[in-house]
Amino acid sequence: MEDNDIIELYWSRNERAISETSVKYGGACHGVAMSILRNREDAEECVNDTWVRAWNTIPPERPNIFKAFLCRITRNLSIDRYRQNQRRAAHVDMELILDELAECLPEEETTGLRDTLNSFFVGLDPLERKLFLGRYWHACPVKTLAEMYQLTPNNVSVRLHRTRERLRSYLTERGYQL
Amino acid sequence: MTRYNRFKMLNSIQDEYILESMPDYVNLQAKKRRENNPLFRFFNSGWGVACLCTLVALGVMAFIIRGAWEPFEPPVVNTLEETTESADPTEPSTEKEDGTEAPTDPFFEEETDPVIVPPDIAAKDYGETIDIYQVYANKQYVNIWFEKEAERGITPSIYDTVLKTEAQLGVDIVFYEVNSRDLLFTMQNEKAGAVDLILTGTLPAISLMEIGYLKPLNELPTVNLDAPYWDKDLMDEMSVEGNYYLGYNRFILDEYPVIGYSKALLSELAPDFNAYETVMTRTWTYDKLASLMATTQDKENEWGYDYVGLSMQKNNEFRLMLKGADIQTVKKNEEDKFVFTFEDQIEAMRKVCKDTQAFLESPCVSAWNLDYNAMGGLNDGSVNLSRGYVLFQTLRLSELERGRNRAFMLAPRSQSPVTKVDVGVLPIPLYDTTQTQYAAYHEGVYWALPFNVVDTQMAGDIMELLAYHGTDTQHAYFTDMLGKTAEEAPEDHKILQMLSRHKSVNLWDQYLGLFGYVNSLTAGEDYNWKNPSSTWKRSFEKAYEKILENNKS
């Protein structure tokens with residue numbers, strides 16, 4: 001079923017919307033949750049919560065790109081779950097991701113940061129962007145990124161390091177405190 | 001809490017980028033399952049390989065023994081008809097549709113890569129910062145390669161080329177993007193050596209030559225212009241009195257107009273059309289383009305959007321045929337001197353105008369205004385290939401690359417059920433059958449050397465090493481051009497290689513204003529054509545005289 005049709009189901013409050021969403025985007029959302037949580041049960045719960053959140057948000061929302069909309073919800077729910085679970089279920093890779101982000105992003109989100117970040121990514125080389133967001137948006141392990149883009153893990157790490165440096169100086173030049 | 005906030009901050013990234021970077025979770029999981037499969041693990045291990053080798057060896061032995069038993073049978077000779085049918089369709093045929101033999105032409109011959117010998121430049125430690133000024137006439141032509149923030153190459157291969165050169169010579173290379181005025185100001189007011197090297201388009205280059213601000217590259221001791229990583233033929237077209245003020249080598253990326261096409265749409269609308277064969281048999285003409293465009297007429301996609309035969313940026317309509325018709329304002333004569341030739345081409349120009357007008361009357365053409373948004377990206381007003389219902393689009397090479405890389409030609413979901421458009425490449429069509437080459441005029445930048453360069457040895461070393469290491473850059477540029485490897489799109493790759501080998505240059509056209517003038521032709525509804533020849537001739541003669549005067553050796 002096409003995205004627009006699924007969204008129409010949400011708007012007409014037809015519960016089939018959830019099953020159609022689950023069939024079409026269950027895999028992608030589960031992937032996002034698993035990358036962050038590395039725990040199947042927790043991931044499944046987050047994915048289920050995603051459908052509920054989508055149900056409560058549409059209407060009034062009418063997402064442009066449905067897949068990105070859902071993944072964004074899953075990502076938010078997963079990071080909240082990760083924080084709650086941290087004592088018992090923290091994993092090294094996620095901790096590393098959070099530490100690395102601390103190098104290049106400010107503590108608090110201030111006005112204009114959203115546009116600044118987007119303008120940074122517009123100007124970034126596509127491969128670097130995919131690697132950066134693959135790592136810090138989708139929480140992919142470096143090894144997986146290396147396989148996806150046919151690079152060595154070391155090369156991926158170096159590229160990520162360079163992009164973090166660039167982002168850091170980009171934000172600093174624009175007056176953000178890091 | 002702050003750590004998690006940072007993670008959440010990235011949620012505001014544009015949807016397109018989230019999709020673009022999204023891993024293929026389904027395939028990744030399948031791969032993981034496959035890797036966990038004991039059979040897969042066995043065959044992937046040393047034992048598995050050993051078993052396979054043994055099986056292959058046994059098979060070969062069995063084949064040899066069987067061959068010794070059976071008597072040799074001569075192969076059946078095919079009839080001519082059968083041979084023709086079994087020919088590889090991807091190989092260019094020299095036979096035309098009417099059965100006559102098409103003239104063979106070195107333009108279409110495949111060349112093997114030349115052997116590249118490293119330049120004889122020992123490792124050094126100059127300990128200098130090298131300032132390379134990029135001066136552009138039109139920023140769009142050069143912004144593909146360098147990223148403003150980092151002042152480094154945008155592609156890993158360019159980045160590596162610069163790093164290798166820096167490491168071998170102990171220098172730090174910094175690129176600056178400037179306009180002509182800033183470059184002139186720096187050269188005039190800063191101490192000698194403030195500008196070490198220049199990358200320039202043709203328009204600023206002529207202005208710099210006019211005032212004698214460039215030094216010939218052939219005076220650099222370590223530059224070997226005969227090495228295969230320099231394009232001497234292209235440089236010959238721009239040389240003045242045997243001096244090469246402008247250089248082109250493999251560090252520079254090609255930039256010429258091409259036609260991109262949607263592979264899926266073309267195979268749907270014209271399943272018998274073989275793009276590669278058509279190009280290589282020199283039958284890729286405007287008639288062919290028009291007939292293919294016509295296949296889109298009165299057709300629409302599943303979501304009710306009309307198919308578009310050819311999409312092009314508005315005001316570029318006249319340029320398309322102009323390129324193909326090989327109309328240039330100035331050419332070189334047999335004595336290697338520039339001569340104003342446009343006077344002889346006025347009739348041809350009139351014909352181009354007329355033909356273009358007729359071509360544009362096709363309902364299958366869509367011309368749109370180029371509209372950049374505040375962040376430098378293209379607004380969605382353009383009717384481009386990414387929409388999924390556009391068959392052909394005129395593009396510059398870098399647009400093809402950027403288009404592929406930026407969003408994998410992601411189609412807007414509101415207009416098309418297609419999510420990703422696979423784009424192929426074709427040259428600008430031949431204007432007529434007498435034309436021997438497809439037009440591929442480089443519209444990018446060239447190397448130049450400031451007149452007050454301090455250390456010619458160092459400048460030569462840098463230019464030569466960037467050229468030599470740039471071989472990898474060329475490879476990466478062409479193999480990645482279509483967002484695929486050369487192995488996956490070999491025919492596109494061959495077409496690009498062919499165009500690259502035979503690219504040419506319009507040194508004077510931009511300076512004299514041919515392109516601006518041609519753009520303005522669209523302003524009049526009836527495309528009235530006034531002859532600007534005498535004005536251009538005066539400008540050319542004045543500038544050329546100055547160049548000769550100010551560059552006397």
# chains A, B, ... in the order shown; residues from 1 in each chain; ligands from 1
call {"tool": "closest_atom_pairs", "arguments": {"of": "chain A", "to": "chain B", "cutoff": "7 Å", "atoms": "only C-alpha atoms", "output": "CSV"}}
result
residue,atom,partner,partner_atom,distance
A:Gly27,CA,B:Val26,CA,6.6
A:Ala28,CA,B:Tyr25,CA,6.2
A:Gly31,CA,B:Tyr25,CA,5.7
A:Ile65,CA,B:Asp15,CA,6.6
A:Ala68,CA,B:Asp15,CA,5.6
A:Arg72,CA,B:Asn11,CA,6.5
A:Asn76,CA,B:Lys8,CA,6.8
A:Leu98,CA,B:Arg3,CA,5.8
A:Leu101,CA,B:Arg6,CA,6.6
A:Ala102,CA,B:Arg3,CA,6.7
A:Leu105,CA,B:Arg6,CA,6.3
A:Glu107,CA,B:Thr2,CA,5.7
A:Glu109,CA,B:Met9,CA,6.8
A:Arg114,CA,B:Ser12,CA,6.0
A:Asn118,CA,B:Ile13,CA,5.9
A:Ser119,CA,B:Met375,CA,6.1
A:Asp125,CA,B:Ile154,CA,5.8
A:Pro126,CA,B:Asn405,CA,5.8
A:Lys130,CA,B:Ser21,CA,4.5
A:Leu133,CA,B:Ser21,CA,6.0
A:Gly134,CA,B:Ser21,CA,5.3
A:Trp137,CA,B:Leu10,CA,6.5
A:His138,CA,B:Met22,CA,6.9
A:Arg166,CA,B:Ala150,CA,6.8
call {"tool": "write_last_selection", "arguments": {"atoms": "N, CA, C and O atoms", "output": "JSON list (two decimals), in the first residue's frame"}}
result
[["chain", "number", "residue", "atom", "x", "y", "z"],
["A", 27, "GLY", "N", 10.23, -3.36, 9.62],
["A", 27, "GLY", "CA", 11.65, -3.71, 9.51],
["A", 27, "GLY", "C", 12.55, -2.52, 9.73],
["A", 27, "GLY", "O", 13.52, -2.59, 10.50],
["A", 28, "ALA", "N", 12.22, -1.42, 9.08],
["A", 28, "ALA", "CA", 13.07, -0.22, 9.18],
["A", 28, "ALA", "C", 13.07, 0.30, 10.61],
["A", 28, "ALA", "O", 14.12, 0.62, 11.18],
["A", 31, "GLY", "N", 14.96, -1.91, 12.88],
["A", 31, "GLY", "CA", 16.40, -1.71, 12.66],
["A", 31, "GLY", "C", 16.91, -0.51, 13.43],
["A", 31, "GLY", "O", 17.96, -0.57, 14.08],
["A", 65, "ILE", "N", 7.28, 12.65, 4.28],
["A", 65, "ILE", "CA", 7.98, 11.39, 4.01],
["A", 65, "ILE", "C", 7.70, 10.48, 5.20],
["A", 65, "ILE", "O", 8.29, 10.61, 6.27],
["A", 68, "ALA", "N", 10.56, 8.42, 7.07],
["A", 68, "ALA", "CA", 11.43, 9.23, 7.92],
["A", 68, "ALA", "C", 10.69, 9.67, 9.18],
["A", 68, "ALA", "O", 11.26, 9.69, 10.28],
["A", 72, "ARG", "N", 11.94, 8.58, 12.88],
["A", 72, "ARG", "CA", 12.28, 9.64, 13.84],
["A", 72, "ARG", "C", 11.59, 9.37, 15.19],
["A", 72, "ARG", "O", 12.20, 9.51, 16.24],
["A", 76, "ASN", "N", 13.53, 8.50, 18.78],
["A", 76, "ASN", "CA", 13.30, 9.23, 20.02],
["A", 76, "ASN", "C", 12.91, 8.29, 21.15],
["A", 76, "ASN", "O", 13.44, 8.37, 22.26],
["A", 98, "LEU", "N", 27.53, 8.62, 21.88],
["A", 98, "LEU", "CA", 27.13, 9.78, 22.68],
["A", 98, "LEU", "C", 28.35, 10.64, 23.04],
["A", 98, "LEU", "O", 28.29, 11.86, 23.02],
["A", 101, "LEU", "N", 29.47, 12.55, 19.92],
["A", 101, "LEU", "CA", 28.59, 13.69, 19.61],
["A", 101, "LEU", "C", 28.89, 14.88, 20.53],
["A", 101, "LEU", "O", 28.71, 16.03, 20.15],
["A", 102, "ALA", "N", 29.35, 14.57, 21.73],
["A", 102, "ALA", "CA", 29.68, 15.66, 22.67],
["A", 102, "ALA", "C", 30.83, 16.50, 22.14],
["A", 102, "ALA", "O", 30.98, 17.67, 22.51],
["A", 105, "LEU", "N", 28.70, 18.80, 19.12],
["A", 105, "LEU", "CA", 27.40, 19.46, 19.23],
["A", 105, "LEU", "C", 27.30, 20.19, 20.57],
["A", 105, "LEU", "O", 27.86, 19.73, 21.57],
["A", 107, "GLU", "N", 25.60, 21.74, 24.10],
["A", 107, "GLU", "CA", 24.83, 21.04, 25.13],
["A", 107, "GLU", "C", 23.33, 21.21, 24.93],
["A", 107, "GLU", "O", 22.57, 20.26, 25.04],
["A", 109, "GLU", "N", 19.96, 22.84, 22.73],
["A", 109, "GLU", "CA", 19.49, 23.28, 21.42],
["A", 109, "GLU", "C", 18.99, 24.72, 21.52],
["A", 109, "GLU", "O", 18.09, 25.01, 22.30],
["A", 114, "ARG", "N", 18.90, 24.26, 14.36],
["A", 114, "ARG", "CA", 18.33, 23.32, 13.41],
["A", 114, "ARG", "C", 18.70, 23.70, 11.96],
["A", 114, "ARG", "O", 19.19, 22.87, 11.19],
["A", 118, "ASN", "N", 21.30, 21.82, 9.31],
["A", 118, "ASN", "CA", 20.87, 21.42, 7.97],
["A", 118, "ASN", "C", 21.74, 22.05, 6.90],
["A", 118, "ASN", "O", 22.07, 21.40, 5.91],
["A", 119, "SER", "N", 22.14, 23.30, 7.10],
["A", 119, "SER", "CA", 22.98, 23.93, 6.07],
["A", 119, "SER", "C", 24.36, 23.27, 6.06],
["A", 119, "SER", "O", 24.99, 23.15, 5.01],
["A", 125, "ASP", "N", 30.01, 16.63, 1.66],
["A", 125, "ASP", "CA", 30.13, 15.60, 0.62],
["A", 125, "ASP", "C", 29.14, 14.46, 0.93],
["A", 125, "ASP", "O", 29.01, 14.04, 2.08],
["A", 126, "PRO", "N", 28.41, 13.99, -0.08],
["A", 126, "PRO", "CA", 27.36, 12.99, 0.17],
["A", 126, "PRO", "C", 27.84, 11.75, 0.94],
["A", 126, "PRO", "O", 27.14, 11.28, 1.83],
["A", 130, "LYS", "N", 26.45, 10.58, 4.51],
["A", 130, "LYS", "CA", 25.82, 9.28, 4.76],
["A", 130, "LYS", "C", 26.52, 8.55, 5.91],
["A", 130, "LYS", "O", 25.87, 7.92, 6.74],
["A", 133, "LEU", "N", 25.58, 10.47, 9.29],
["A", 133, "LEU", "CA", 24.21, 10.22, 9.75],
["A", 133, "LEU", "C", 23.98, 8.72, 9.99],
["A", 133, "LEU", "O", 23.22, 8.34, 10.87],
["A", 134, "GLY", "N", 24.63, 7.89, 9.22],
["A", 134, "GLY", "CA", 24.55, 6.45, 9.45],
["A", 134, "GLY", "C", 25.03, 6.12, 10.87],
["A", 134, "GLY", "O", 24.44, 5.31, 11.58],
["A", 137, "TRP", "N", 22.91, 9.19, 13.44],
["A", 137, "TRP", "CA", 21.43, 9.21, 13.41],
["A", 137, "TRP", "C", 20.90, 7.79, 13.57],
["A", 137, "TRP", "O", 20.05, 7.53, 14.39],
["A", 138, "HIS", "N", 21.48, 6.88, 12.78],
["A", 138, "HIS", "CA", 20.97, 5.51, 12.80],
["A", 138, "HIS", "C", 21.72, 4.61, 13.79],
["A", 138, "HIS", "O", 21.38, 3.45, 13.93],
["A", 166, "ARG", "N", 34.95, 19.12, 11.40],
["A", 166, "ARG", "CA", 34.36, 20.15, 10.53],
["A", 166, "ARG", "C", 33.11, 20.73, 11.16],
["A", 166, "ARG", "O", 32.90, 21.93, 11.17]]
call {"tool": "residues_around", "arguments": {"residues": "region 251-257 of chain B", "least_positions_apart": "2", "cutoff": "6 Å", "atoms": "only C-alpha atoms", "output": "PyMOL selection string"}}
result
chain B and resi 249+395-397+440-444+466-467+470
call {"tool": "atom_distance", "arguments": {"atom1": "CA of Cys364 (chain B)", "atom2": "CA of Val390 (chain B)"}}
result
9.7 Å
call {"tool": "residues_around", "arguments": {"residues": "Val518 (chain B)", "least_positions_apart": "3", "cutoff": "7 Å", "atoms": "only C-alpha atoms", "output": "PyMOL selection string"}}
result
chain B and resi 318-319+514-515+521
call {"tool": "closest_residue", "arguments": {"among": "B:Cys353, B:Ala294, B:Ile121, B:Leu265", "to": "Asn224 (chain B)", "atoms": "only C-alpha atoms"}}
result
B:Ile121
call {"tool": "atom_distance", "arguments": {"atom1": "CA of Ala358 (chain B)", "atom2": "CA of Ala290 (chain B)"}}
result
10.8 Å
call {"tool": "closest_residue", "arguments": {"among": "A:Thr110, A:Thr116, A:Gln84, A:Thr50", "to": "Leu167 (chain A)", "atoms": "only C-alpha atoms"}}
result
A:Thr116
call {"tool": "atom_distance", "arguments": {"atom1": "CA of Asp326 (chain B)", "atom2": "CA of Thr278 (chain B)"}}
result
20.3 Å
